[in-house]
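Engineer: Okay, so here is my_file_12.csv, and as you'll see once you scroll down, it has CSV, C-alpha atoms.
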```
chain,number,residue,atom,x,y,z
A,278,MET,CA,-40.5,-50.1,-28.1
A,279,LYS,CA,-40.8,-46.5,-29.4
A,280,HIS,CA,-42.1,-44.1,-26.7
A,281,LEU,CA,-44.0,-41.1,-27.7
A,282,LEU,CA,-44.4,-37.8,-25.7
A,283,LEU,CA,-47.8,-36.9,-24.4
A,284,THR,CA,-48.9,-34.6,-27.2
A,285,THR,CA,-47.8,-36.9,-30.0
A,286,ALA,CA,-49.3,-39.9,-28.3
A,287,LEU,CA,-52.6,-38.3,-27.9
A,288,VAL,CA,-52.8,-37.3,-31.6
A,289,THR,CA,-51.7,-40.8,-32.7
A,290,ALA,CA,-54.1,-42.5,-30.5
A,291,THR,CA,-56.9,-40.3,-31.7
A,292,ALA,CA,-56.0,-40.8,-35.4
A,293,ALA,CA,-55.9,-44.6,-34.9
A,294,GLY,CA,-59.4,-44.5,-33.3
A,295,VAL,CA,-60.8,-42.4,-36.1
A,296,HIS,CA,-59.3,-44.7,-38.7
A,297,ALA,CA,-60.8,-47.8,-37.1
A,298,GLN,CA,-64.1,-46.2,-36.7
A,299,SER,CA,-64.1,-44.9,-40.3
A,300,THR,CA,-63.8,-48.5,-41.5
A,301,ASP,CA,-66.7,-49.6,-39.3
A,302,THR,CA,-68.8,-46.7,-40.6
A,303,ASN,CA,-68.2,-47.7,-44.2
A,304,THR,CA,-69.3,-51.2,-43.5
A,305,ASN,CA,-72.3,-50.3,-41.3
A,306,THR,CA,-73.6,-46.8,-41.8
A,307,ALA,CA,-76.8,-47.6,-40.0
A,308,ALA,CA,-75.0,-47.9,-36.6
A,309,SER,CA,-73.2,-44.5,-36.9
A,310,GLY,CA,-75.2,-42.8,-34.2
A,311,THR,CA,-74.4,-45.5,-31.7
A,312,MET,CA,-70.7,-45.5,-32.6
A,313,ASN,CA,-70.5,-41.7,-32.2
A,314,SER,CA,-71.9,-41.9,-28.8
A,315,GLU,CA,-69.2,-44.4,-27.9
A,316,MET,CA,-66.4,-42.5,-29.6
A,317,PHE,CA,-67.0,-39.1,-27.9
A,318,ARG,CA,-67.4,-38.1,-24.2
A,319,ALA,CA,-69.8,-35.3,-23.5
A,320,GLU,CA,-68.8,-34.6,-19.8
A,321,SER,CA,-66.1,-35.3,-17.3
A,322,THR,CA,-66.1,-37.9,-14.6
A,323,PRO,CA,-65.1,-37.2,-11.0
A,324,ASP,CA,-62.0,-39.3,-11.0
A,325,GLU,CA,-60.5,-38.2,-14.3
A,326,LEU,CA,-57.3,-36.2,-14.5
A,327,ARG,CA,-56.3,-33.9,-17.3
A,328,ALA,CA,-52.7,-34.1,-18.7
A,329,SER,CA,-52.3,-30.3,-18.4
A,330,ASP,CA,-53.0,-30.6,-14.6
A,331,PHE,CA,-50.7,-33.6,-14.3
A,332,LEU,CA,-47.7,-31.9,-15.9
A,333,GLY,CA,-45.7,-29.9,-13.4
A,334,MET,CA,-46.9,-31.9,-10.4
A,335,ARG,CA,-44.3,-32.5,-7.7
A,336,VAL,CA,-43.2,-36.1,-7.0
A,337,TYR,CA,-42.3,-37.1,-3.4
A,338,ALA,CA,-40.1,-40.0,-2.4
A,339,SER,CA,-40.6,-41.9,0.9
A,340,ALA,CA,-38.7,-45.0,2.0
A,341,GLU,CA,-41.8,-46.1,3.9
A,342,GLY,CA,-44.3,-45.3,1.2
A,343,ALA,CA,-47.9,-44.0,1.8
A,344,SER,CA,-49.9,-46.3,4.1
A,345,GLU,CA,-53.0,-44.1,4.1
A,346,ASP,CA,-55.3,-43.0,1.3
A,347,ALA,CA,-55.2,-39.4,2.5
A,348,TYR,CA,-52.9,-37.1,4.5
A,349,GLU,CA,-53.2,-33.6,5.8
A,350,GLY,CA,-50.4,-31.9,3.8
A,351,ALA,CA,-47.0,-33.4,2.9
A,352,GLN,CA,-45.7,-35.6,5.6
A,353,GLU,CA,-42.3,-35.6,7.5
A,354,GLY,CA,-39.9,-37.8,5.7
A,355,TRP,CA,-41.3,-37.1,2.3
A,356,GLU,CA,-38.6,-35.6,0.0
A,357,ASP,CA,-39.5,-33.5,-3.0
A,358,ILE,CA,-37.4,-35.1,-5.8
A,359,GLY,CA,-38.7,-33.2,-8.8
A,360,GLU,CA,-41.6,-32.5,-11.1
A,361,ILE,CA,-43.4,-34.3,-14.0
A,362,ASN,CA,-42.5,-32.7,-17.3
A,363,ASP,CA,-43.9,-35.3,-19.7
A,364,VAL,CA,-46.0,-38.5,-20.0
A,365,ILE,CA,-45.1,-41.7,-21.9
A,366,LEU,CA,-48.0,-43.6,-23.6
A,367,ASN,CA,-48.1,-46.8,-25.7
A,368,ARG,CA,-49.9,-47.1,-29.0
A,369,ASP,CA,-53.0,-48.4,-27.2
A,370,GLY,CA,-53.3,-45.0,-25.4
A,371,GLU,CA,-52.2,-46.4,-22.0
A,372,VAL,CA,-50.0,-44.2,-19.8
A,373,GLN,CA,-46.8,-46.2,-19.2
A,374,ALA,CA,-44.7,-43.8,-17.2
A,375,VAL,CA,-44.0,-40.2,-16.4
A,376,LEU,CA,-40.7,-38.3,-17.0
A,377,VAL,CA,-39.4,-36.7,-13.8
A,378,ASP,CA,-36.4,-34.3,-13.6
A,379,ILE,CA,-34.6,-35.2,-10.4
A,380,GLY,CA,-31.6,-33.4,-9.0
A,381,GLY,CA,-30.3,-31.5,-6.0
A,382,PHE,CA,-31.7,-34.2,-3.7
A,383,LEU,CA,-29.3,-36.0,-1.3
A,384,GLY,CA,-26.4,-35.0,-3.5
A,385,ILE,CA,-27.7,-36.8,-6.6
A,386,GLY,CA,-26.8,-35.2,-9.9
A,387,GLU,CA,-29.6,-33.7,-11.9
A,388,ARG,CA,-31.0,-36.0,-14.6
A,389,GLN,CA,-34.3,-37.2,-16.1
A,390,VAL,CA,-35.8,-40.5,-15.1
A,391,ALA,CA,-38.9,-42.4,-16.2
A,392,VAL,CA,-41.1,-43.5,-13.3
A,393,ASP,CA,-43.5,-46.3,-14.0
A,394,MET,CA,-47.1,-45.4,-13.3
A,395,ASP,CA,-47.6,-48.5,-11.2
A,396,ALA,CA,-44.8,-47.2,-8.8
A,397,LEU,CA,-46.7,-43.9,-8.1
A,398,GLU,CA,-49.3,-43.7,-5.3
A,399,PHE,CA,-52.1,-41.2,-5.6
A,400,VAL,CA,-52.7,-39.9,-2.0
A,401,SER,CA,-55.4,-37.3,-1.3
A,402,ASP,CA,-54.6,-34.0,0.4
A,403,SER,CA,-57.1,-33.6,3.2
A,404,SER,CA,-55.6,-30.2,4.2
A,405,THR,CA,-57.5,-28.5,1.3
A,406,ALA,CA,-61.1,-29.2,2.2
A,407,GLU,CA,-62.3,-26.7,-0.4
A,408,ASN,CA,-60.8,-28.8,-3.2
A,409,ASP,CA,-61.5,-32.5,-3.0
A,410,GLY,CA,-59.4,-33.1,-6.1
A,411,ASP,CA,-56.0,-32.2,-4.5
A,412,PHE,CA,-53.6,-35.1,-4.1
A,413,PHE,CA,-49.9,-36.1,-3.8
A,414,LEU,CA,-47.8,-38.4,-6.0
A,415,VAL,CA,-45.7,-40.5,-3.7
A,416,LEU,CA,-42.9,-42.9,-4.9
A,417,THR,CA,-41.8,-45.6,-2.5
A,418,ALA,CA,-38.0,-45.4,-2.9
A,419,ASP,CA,-35.0,-44.9,-0.6
A,420,ARG,CA,-31.7,-43.2,-1.3
A,421,ALA,CA,-30.0,-46.2,-2.9
A,422,THR,CA,-33.0,-46.8,-5.3
A,423,LEU,CA,-32.9,-43.2,-6.4
A,424,GLU,CA,-29.1,-43.2,-6.9
A,425,GLY,CA,-29.4,-46.3,-9.0
A,426,ALA,CA,-32.2,-45.0,-11.2
A,427,PRO,CA,-31.0,-44.9,-14.9
A,428,ALA,CA,-31.3,-41.7,-16.9
A,429,TYR,CA,-34.1,-42.0,-19.3
A,430,GLY,CA,-33.0,-42.4,-23.0
A,431,ALA,CA,-29.3,-42.8,-22.0
A,432,ALA,CA,-28.8,-46.3,-23.4
A,433,ALA,CA,-30.6,-45.6,-26.7
A,434,ASP,CA,-28.9,-42.2,-27.2
A,435,GLY,CA,-25.5,-43.8,-26.4
A,436,ALA,CA,-26.0,-46.5,-29.0
A,437,MET,CA,-27.1,-44.0,-31.6
A,438,THR,CA,-24.3,-41.5,-31.0
A,439,ASP,CA,-21.3,-43.7,-30.4
A,440,GLN,CA,-20.2,-43.9,-34.0
A,441,PRO,CA,-20.8,-40.2,-34.9
A,442,VAL,CA,-19.1,-39.1,-31.7
A,443,ALA,CA,-16.1,-41.4,-32.5
A,444,ALA,CA,-15.9,-40.1,-36.0
A,445,GLU,CA,-16.2,-36.5,-34.8
A,446,ALA,CA,-13.5,-37.1,-32.1
A,447,GLU,CA,-11.2,-38.7,-34.8
A,448,ALA,CA,-11.8,-35.7,-37.1
A,449,GLU,CA,-11.1,-33.2,-34.3
A,450,THR,CA,-8.0,-35.2,-33.3
A,451,GLU,CA,-6.7,-35.1,-36.8
A,452,GLU,CA,-7.5,-31.4,-37.1
A,453,ALA,CA,-5.7,-30.7,-33.8
A,454,THR,CA,-2.7,-32.8,-34.9
A,455,GLN,CA,-2.5,-30.8,-38.2
A,456,ALA,CA,-2.8,-27.5,-36.4
A,457,ALA,CA,-0.1,-28.6,-33.9
A,458,GLU,CA,2.2,-29.6,-36.7
A,459,ALA,CA,1.6,-26.3,-38.4
A,460,GLU,CA,2.3,-24.4,-35.2
A,461,ALA,CA,5.4,-26.4,-34.5
A,462,GLU,CA,6.7,-25.8,-38.0
A,463,GLU,CA,6.0,-22.1,-37.7
A,464,ALA,CA,7.6,-22.0,-34.3
A,465,GLY,CA,10.7,-23.7,-35.7
A,466,GLU,CA,10.9,-21.1,-38.5
A,467,GLU,CA,10.6,-18.3,-35.9
A,468,MET,CA,13.2,-19.9,-33.7
A,469,GLU,CA,15.6,-20.2,-36.7
A,470,GLN,CA,15.0,-16.6,-37.7
A,471,THR,CA,15.5,-15.5,-34.1
A,472,ALA,CA,18.8,-17.4,-33.9
A,473,GLU,CA,19.9,-15.7,-37.1
A,474,ASN,CA,18.9,-12.3,-35.7
A,475,VAL,CA,20.7,-13.0,-32.4
A,476,GLU,CA,23.8,-14.0,-34.3
A,477,ALA,CA,23.7,-10.8,-36.4
A,478,GLU,CA,23.2,-8.7,-33.3
A,479,ALA,CA,26.1,-10.4,-31.5
A,480,GLU,CA,28.4,-9.7,-34.5
A,481,GLU,CA,27.2,-6.1,-34.5
A,482,ALA,CA,27.7,-5.7,-30.8
A,483,GLY,CA,31.2,-7.3,-31.0
A,484,ALA,CA,32.1,-4.8,-33.8
A,485,GLU,CA,30.8,-1.9,-31.7
A,486,MET,CA,32.7,-3.1,-28.6
A,487,GLU,CA,35.9,-3.4,-30.6
A,488,GLN,CA,35.5,0.1,-32.0
A,489,THR,CA,34.7,1.4,-28.5
A,490,ALA,CA,37.9,-0.1,-27.2
A,491,GLU,CA,39.9,1.5,-29.9
A,492,ASN,CA,38.3,4.8,-29.2
A,493,VAL,CA,39.0,4.5,-25.5
A,494,GLU,CA,42.6,3.6,-26.1
A,495,ALA,CA,43.0,6.7,-28.4
A,496,GLU,CA,41.3,9.0,-25.9
A,497,ALA,CA,43.6,7.6,-23.1
A,498,GLU,CA,46.7,8.2,-25.2
A,499,GLU,CA,45.5,11.8,-26.0
A,500,ALA,CA,44.7,12.5,-22.4
A,501,GLY,CA,48.1,11.2,-21.3
A,502,GLU,CA,49.8,13.6,-23.7
A,503,GLU,CA,47.6,16.5,-22.5
A,504,ILE,CA,48.5,15.7,-18.8
A,505,GLU,CA,52.2,15.5,-19.6
A,506,GLN,CA,52.1,18.8,-21.4
A,507,SER,CA,50.1,20.4,-18.6
A,508,ALA,CA,52.6,19.1,-16.1
A,509,GLU,CA,55.5,20.7,-18.0
A,510,ASN,CA,53.6,24.0,-18.3
A,511,ALA,CA,52.8,24.0,-14.6
A,512,ALA,CA,56.4,23.3,-13.7
A,513,GLU,CA,57.7,26.1,-15.8
A,514,GLU,CA,55.1,28.5,-14.4
A,515,THR,CA,55.9,27.4,-10.8
A,516,GLU,CA,59.6,28.0,-11.4
A,517,GLN,CA,58.9,31.5,-12.8
A,518,GLU,CA,56.6,32.3,-9.8
A,519,VAL,CA,59.2,31.1,-7.3
A,520,GLU,CA,61.9,33.3,-8.9
A,521,LEU,CA,59.6,36.3,-8.8
A,522,ALA,CA,58.6,35.6,-5.2
A,523,ALA,CA,62.3,35.3,-4.2
A,524,ASP,CA,63.1,38.6,-5.8
A,525,ALA,CA,60.1,40.2,-4.1
A,526,THR,CA,61.1,38.8,-0.8
A,527,ALA,CA,64.6,40.1,-1.1
A,528,ASP,CA,63.3,43.5,-2.0
A,529,ALA,CA,60.9,43.5,0.9
A,530,ALA,CA,63.6,42.3,3.4
A,531,ALA,CA,65.9,45.1,2.3
A,532,GLU,CA,63.1,47.7,2.6
A,533,ALA,CA,62.0,46.2,6.0
A,534,GLY,CA,65.6,46.5,7.2
A,535,GLU,CA,65.8,50.1,6.4
A,536,GLU,CA,62.5,50.7,8.1
A,537,VAL,CA,63.6,48.8,11.3
A,538,GLU,CA,66.8,50.8,11.4
A,539,GLN,CA,64.8,54.1,11.0
A,540,ALA,CA,62.3,53.0,13.7
A,541,ALA,CA,65.2,52.1,16.1
A,542,ASP,CA,66.6,55.5,15.7
A,543,GLU,CA,63.3,57.2,16.4
A,544,ALA,CA,62.6,54.8,19.4
A,545,GLY,CA,66.0,55.8,20.9
A,546,GLU,CA,65.0,59.4,20.7
A,547,GLU,CA,61.6,58.8,22.3
A,548,ILE,CA,63.1,56.8,25.1
A,549,GLU,CA,65.5,59.6,25.9
A,550,GLU,CA,62.6,62.0,26.1
A,551,VAL,CA,60.5,59.7,28.3
A,552,GLY,CA,63.4,59.3,30.7
A,553,ASN,CA,63.5,63.0,31.2
A,554,GLU,CA,59.7,63.1,31.8
A,555,VAL,CA,59.9,60.3,34.4
A,556,ALA,CA,62.5,62.2,36.3
A,557,LEU,CA,60.1,65.1,36.5
A,558,THR,CA,57.0,63.0,37.7
A,559,ASP,CA,58.6,60.8,40.3
A,560,SER,CA,57.2,62.9,43.1
A,561,THR,CA,53.5,62.4,42.0
A,562,ALA,CA,53.6,58.6,41.2
A,563,PRO,CA,52.4,57.3,44.6
A,564,GLU,CA,49.2,59.3,44.5
A,565,ALA,CA,48.3,58.1,40.9
A,566,ASP,CA,49.0,54.5,41.8
A,567,ALA,CA,46.6,54.7,44.7
A,568,GLU,CA,43.8,56.1,42.5
A,569,ALA,CA,44.2,53.4,39.8
A,570,THR,CA,44.2,50.6,42.4
A,571,ALA,CA,40.9,51.9,44.0
A,572,SER,CA,39.2,52.2,40.6
A,573,ALA,CA,40.3,48.6,39.6
A,574,ASP,CA,39.0,47.2,42.9
A,575,ALA,CA,35.6,48.9,42.4
A,576,ASN,CA,35.2,47.5,38.9
A,577,ALA,CA,36.2,44.0,40.0
A,578,GLU,CA,33.6,44.2,42.8
A,579,MET,CA,30.9,45.3,40.4
A,580,ASP,CA,31.7,42.6,37.8
A,581,THR,CA,31.9,39.6,40.2
A,582,THR,CA,28.6,40.5,41.9
A,583,ALA,CA,26.7,41.0,38.6
A,584,GLY,CA,23.1,39.7,39.0
A,585,THR,CA,23.2,39.3,42.8
A,586,SER,CA,20.6,41.9,43.4
A,587,ALA,CA,18.1,40.2,41.0
A,588,PHE,CA,18.6,36.7,42.5
A,589,GLY,CA,19.4,37.3,46.1
A,590,ALA,CA,22.6,36.6,48.0
A,591,ASP,CA,21.6,32.9,48.7
A,592,PHE,CA,21.1,31.9,45.1
A,593,ALA,CA,23.4,29.1,44.3
A,594,ARG,CA,23.7,25.6,42.6
A,595,GLU,CA,25.6,22.7,44.1
A,596,GLY,CA,28.9,22.2,42.4
A,597,TYR,CA,28.9,25.6,40.9
A,598,SER,CA,30.4,29.0,41.9
A,599,ASP,CA,30.3,32.6,40.5
A,600,ALA,CA,32.4,32.9,37.4
A,601,GLY,CA,35.2,35.4,37.7
A,602,MET,CA,35.6,38.2,35.1
A,603,GLU,CA,38.7,36.4,33.7
A,604,TYR,CA,36.3,33.6,32.5
A,605,LEU,CA,33.7,35.9,31.0
A,606,THR,CA,34.9,35.8,27.4
A,607,THR,CA,33.1,35.4,24.1
A,608,GLU,CA,34.6,32.0,23.6
A,609,ASN,CA,33.3,30.7,27.0
A,610,LEU,CA,29.8,32.3,26.9
A,611,THR,CA,28.7,32.0,23.3
A,612,GLY,CA,26.3,29.0,23.0
A,613,ALA,CA,25.8,28.7,26.8
A,614,ARG,CA,22.3,27.7,27.8
A,615,VAL,CA,20.2,30.2,29.8
A,616,TYR,CA,17.8,28.9,32.5
A,617,ASP,CA,15.1,30.6,34.7
A,618,THR,CA,15.2,30.3,38.5
A,619,ASN,CA,13.3,27.0,38.2
A,620,ASP,CA,16.1,25.5,36.1
A,621,LYS,CA,14.0,25.5,33.0
A,622,TRP,CA,15.9,26.0,29.8
A,623,VAL,CA,14.6,29.2,28.1
A,624,GLY,CA,17.3,30.0,25.5
A,625,GLU,CA,21.0,30.2,24.7
A,626,ILE,CA,23.5,33.0,24.3
A,627,SER,CA,24.2,33.7,20.6
A,628,GLU,CA,26.5,36.6,20.9
A,629,LEU,CA,27.9,39.3,23.3
A,630,VAL,CA,27.8,43.1,23.1
A,631,ILE,CA,31.1,44.9,23.9
A,632,ASP,CA,31.6,48.6,24.5
A,633,ASP,CA,34.3,50.8,23.2
A,634,GLU,CA,36.5,50.0,26.2
A,635,GLY,CA,36.3,46.2,25.4
A,636,LYS,CA,33.9,45.5,28.3
A,637,ILE,CA,31.0,43.1,27.9
A,638,THR,CA,27.8,45.0,28.6
A,639,ASP,CA,24.9,42.7,27.2
A,640,ALA,CA,24.3,39.1,26.2
A,641,ILE,CA,22.0,38.4,23.2
A,642,VAL,CA,19.8,35.4,24.1
A,643,ASP,CA,17.8,33.4,21.5
A,644,VAL,CA,14.4,32.4,23.0
A,645,GLY,CA,11.4,30.5,21.6
A,646,GLY,CA,11.4,28.6,18.4
A,647,PHE,CA,12.1,24.9,17.7
A,648,LEU,CA,15.4,23.3,16.6
A,649,GLY,CA,16.7,26.8,15.8
A,650,ILE,CA,13.7,27.7,13.7
A,651,GLY,CA,11.7,30.8,14.7
A,652,GLU,CA,14.0,31.9,17.5
A,653,LYS,CA,13.8,35.5,18.7
A,654,PRO,CA,17.0,37.3,19.9
A,655,VAL,CA,16.6,39.6,22.9
A,656,ALA,CA,19.3,41.7,24.7
A,657,LEU,CA,19.8,41.1,28.5
A,658,GLN,CA,22.3,43.2,30.5
A,659,LEU,CA,25.1,41.2,31.9
A,660,SER,CA,24.4,42.6,35.3
A,661,ASP,CA,20.9,41.0,35.1
A,662,LEU,CA,22.4,37.5,34.6
A,663,LYS,CA,23.8,35.1,37.1
A,664,ILE,CA,26.8,33.2,35.6
A,665,LEU,CA,28.0,30.1,37.4
A,666,ARG,CA,31.0,27.9,36.5
A,667,GLN,CA,31.4,24.3,37.4
A,668,ASP,CA,33.9,23.9,40.4
A,669,GLU,CA,35.6,20.9,38.8
A,670,GLY,CA,35.1,21.6,35.2
A,671,ASP,CA,34.4,24.2,32.5
A,672,GLU,CA,30.6,23.9,32.2
A,673,VAL,CA,28.8,27.2,32.4
A,674,MET,CA,25.2,27.8,33.6
A,675,VAL,CA,23.6,31.2,33.0
A,676,TYR,CA,20.5,32.2,34.9
A,677,THR,CA,17.9,34.9,34.4
A,678,ALA,CA,15.3,36.1,36.9
A,679,MET,CA,12.8,36.5,34.0
A,680,ALA,CA,10.3,33.8,32.8
A,681,GLU,CA,10.2,32.5,29.3
A,682,ASP,CA,7.0,34.4,28.4
A,683,GLU,CA,8.6,37.7,29.7
A,684,LEU,CA,11.6,37.0,27.4
A,685,LYS,CA,9.4,36.4,24.4
A,686,SER,CA,7.5,39.6,25.0
A,687,MET,CA,10.7,41.7,24.9
A,688,PRO,CA,11.6,43.7,21.8
A,689,GLU,CA,13.7,41.8,19.2
A,690,PHE,CA,17.4,42.8,19.2
A,691,GLU,CA,18.6,44.3,16.0
A,692,LYS,CA,22.2,45.1,15.2
A,693,GLU,CA,23.0,48.7,14.4
```
Could you express the structure from this file as structure tokens?

Structural biologist:
Amino acid sequence: MKHLLLTTALVTATAAGVHAQSTDTNTNTAASGTMNSEMFRAESTPDELRASDFLGMRVYASAEGASEDAYEGAQEGWEDIGEINDVILNRDGEVQAVLVDIGGFLGIGERQVAVDMDALEFVSDSSTAENDGDFFLVLTADRATLEGAPAYGAAADGAMTDQPVAAEAEAETEEATQAAEAEAEEAGEEMEQTAENVEAEAEEAGAEMEQTAENVEAEAEEAGEEIEQSAENAAEETEQEVELAADATADAAAEAGEEVEQAADEAGEEIEEVGNEVALTDSTAPEADAEATASADANAEMDTTAGTSAFGADFAREGYSDAGMEYLTTENLTGARVYDTNDKWVGEISELVIDDEGKITDAIVDVGGFLGIGEKPVALQLSDLKILRQDEGDEVMVYTAMAEDELKSMPEFEKE
């Protein structure tokens, strides 16, 4: 049976009615007034429903169905499965079914189904007292029924489209096969061309490598000849230099011998003169020796007690003793760390200042900075430092009575 959509069905039904009525009118024109009154409706009835209102209505599914004629709003357990988007009529103008789009309900895939009108229950909505015409469309169906509902038009469409689809698929397959064969042939040609290119490049690379090897061999041979020639030249130059050096050494030795002989003669004369002077000064020697001894003792006492007044007589560190003058040398003091009286490292000695008599007078201490960067050199008198030496080792500890901030505030030492 051919199903028509709502708009087409209404037009068809109307045309059929008009045609039948036209025939009756031709045979009996006297009854036209009566027939017109039966053909047309002048006003609506309370229970009629317009198709425009029917389309778009929601359809609810309930496994229990609707046992009452009216409910106050949609009930618990009713599931909204979709809306009516069209109506199916037969040629007699009777509504056969409604088309409902269902989907997204209980995991069911979206599709269009035709629901028979006899399966729909019209249930009044008593929650809208101001509109007595409100109602629900309820379908008595459970999950299994909905899952098994066939898609509307699927069988007919399948029968009509099987052959075109098969022919189209065959054509597409043949086209794809031809395209694949063409691509394969093109790929084969490209591979063949690539192989030829690779072979040509390999031959060219082989020729370049062979030429490079020949060039390297020639350069090595040339370098060997240059080295051999350089060695011969160097040997000759060295031999000449040795001969010249030998001659110069001999001349220098002869000259030195003459100078030594002359110096010996002069030294003999001076010794003779000194002997005469010693004989004259023997009587004053004891007095001079006593004065020299007293001066040396005073210097030694001053040097070994350097810094004692600034630190106090009881300043000491376990395992360390005052360093003697014989240990106070540039080699032993340069780089020695300088500490304050609280044993905080405040700097290190970078150099020593020596007077014209060869005596150490000042120590230059680098203070401040970080990892040698930004350090400031300041001069501290040796007498203001306490220098201790390890009793059983060579470690030196240098102390100052000044704090680090005081050292940083001192003027920077500048060499003259």

Engineer: I'd like the neighbourhood of A:Thr405 as a PyMOL selection string, where a residue qualifies if any of its atoms comes within 12 Å (using only C-alpha atoms), though same-chain residues fewer than 5 positions away should be ignored.

Structural biologist: chain A and resi 347-351+410-413

Engineer: I need the residue nearest A:Met334 from this list: A:Glu315, A:Asp378, A:Asp682, A:Glu518. Use only C-alpha atoms for the distance.

Structural biologist: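 Looking only at the distances to A:Met334, the closest residue turns out to be A:Asp378.
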
Engineer: Report, in Å to a single decimal, how far apart atom CA of A:Ser598 and atom CA of A:Glu672 are.

Structural biologist: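 So the two atoms, atom CA of A:Glu672 and atom CA of A:Ser598, lie 11.0 Å apart.
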
Engineer: May I ask for the distance between atom CA of A:Asp632 and atom CA of A:Pro654, given in Å to one decimal place?

Structural biologist: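 Pair atom CA of A:Asp632 / atom CA of A:Pro654 returns 19.0 Å.
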
Engineer: Report, in Å to a single decimal, how far apart atom CA of A:Gly651 and atom CA of A:Ile637 are.

Structural biologist: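 About the pair atom CA of A:Ile637 and atom CA of A:Gly651: they are 26.4 Å apart.
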
Engineer: Ranking A:Gly354, A:Glu505, A:Ser401, A:Ser339 by minimum distance to A:Leu423 and counting all atoms listed in the file, which one comes first?

Structural biologist: A:Ser339

Engineer: With distances taken over all atoms listed in the file, which residue among A:Thr417, A:Ser686, A:Thr677, A:Thr515 lies nearest A:Ala338?

Structural biologist: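 Ranking A:Thr417, A:Ser686, A:Thr677, A:Thr515 by distance to A:Ala338, first place goes to A:Thr417.
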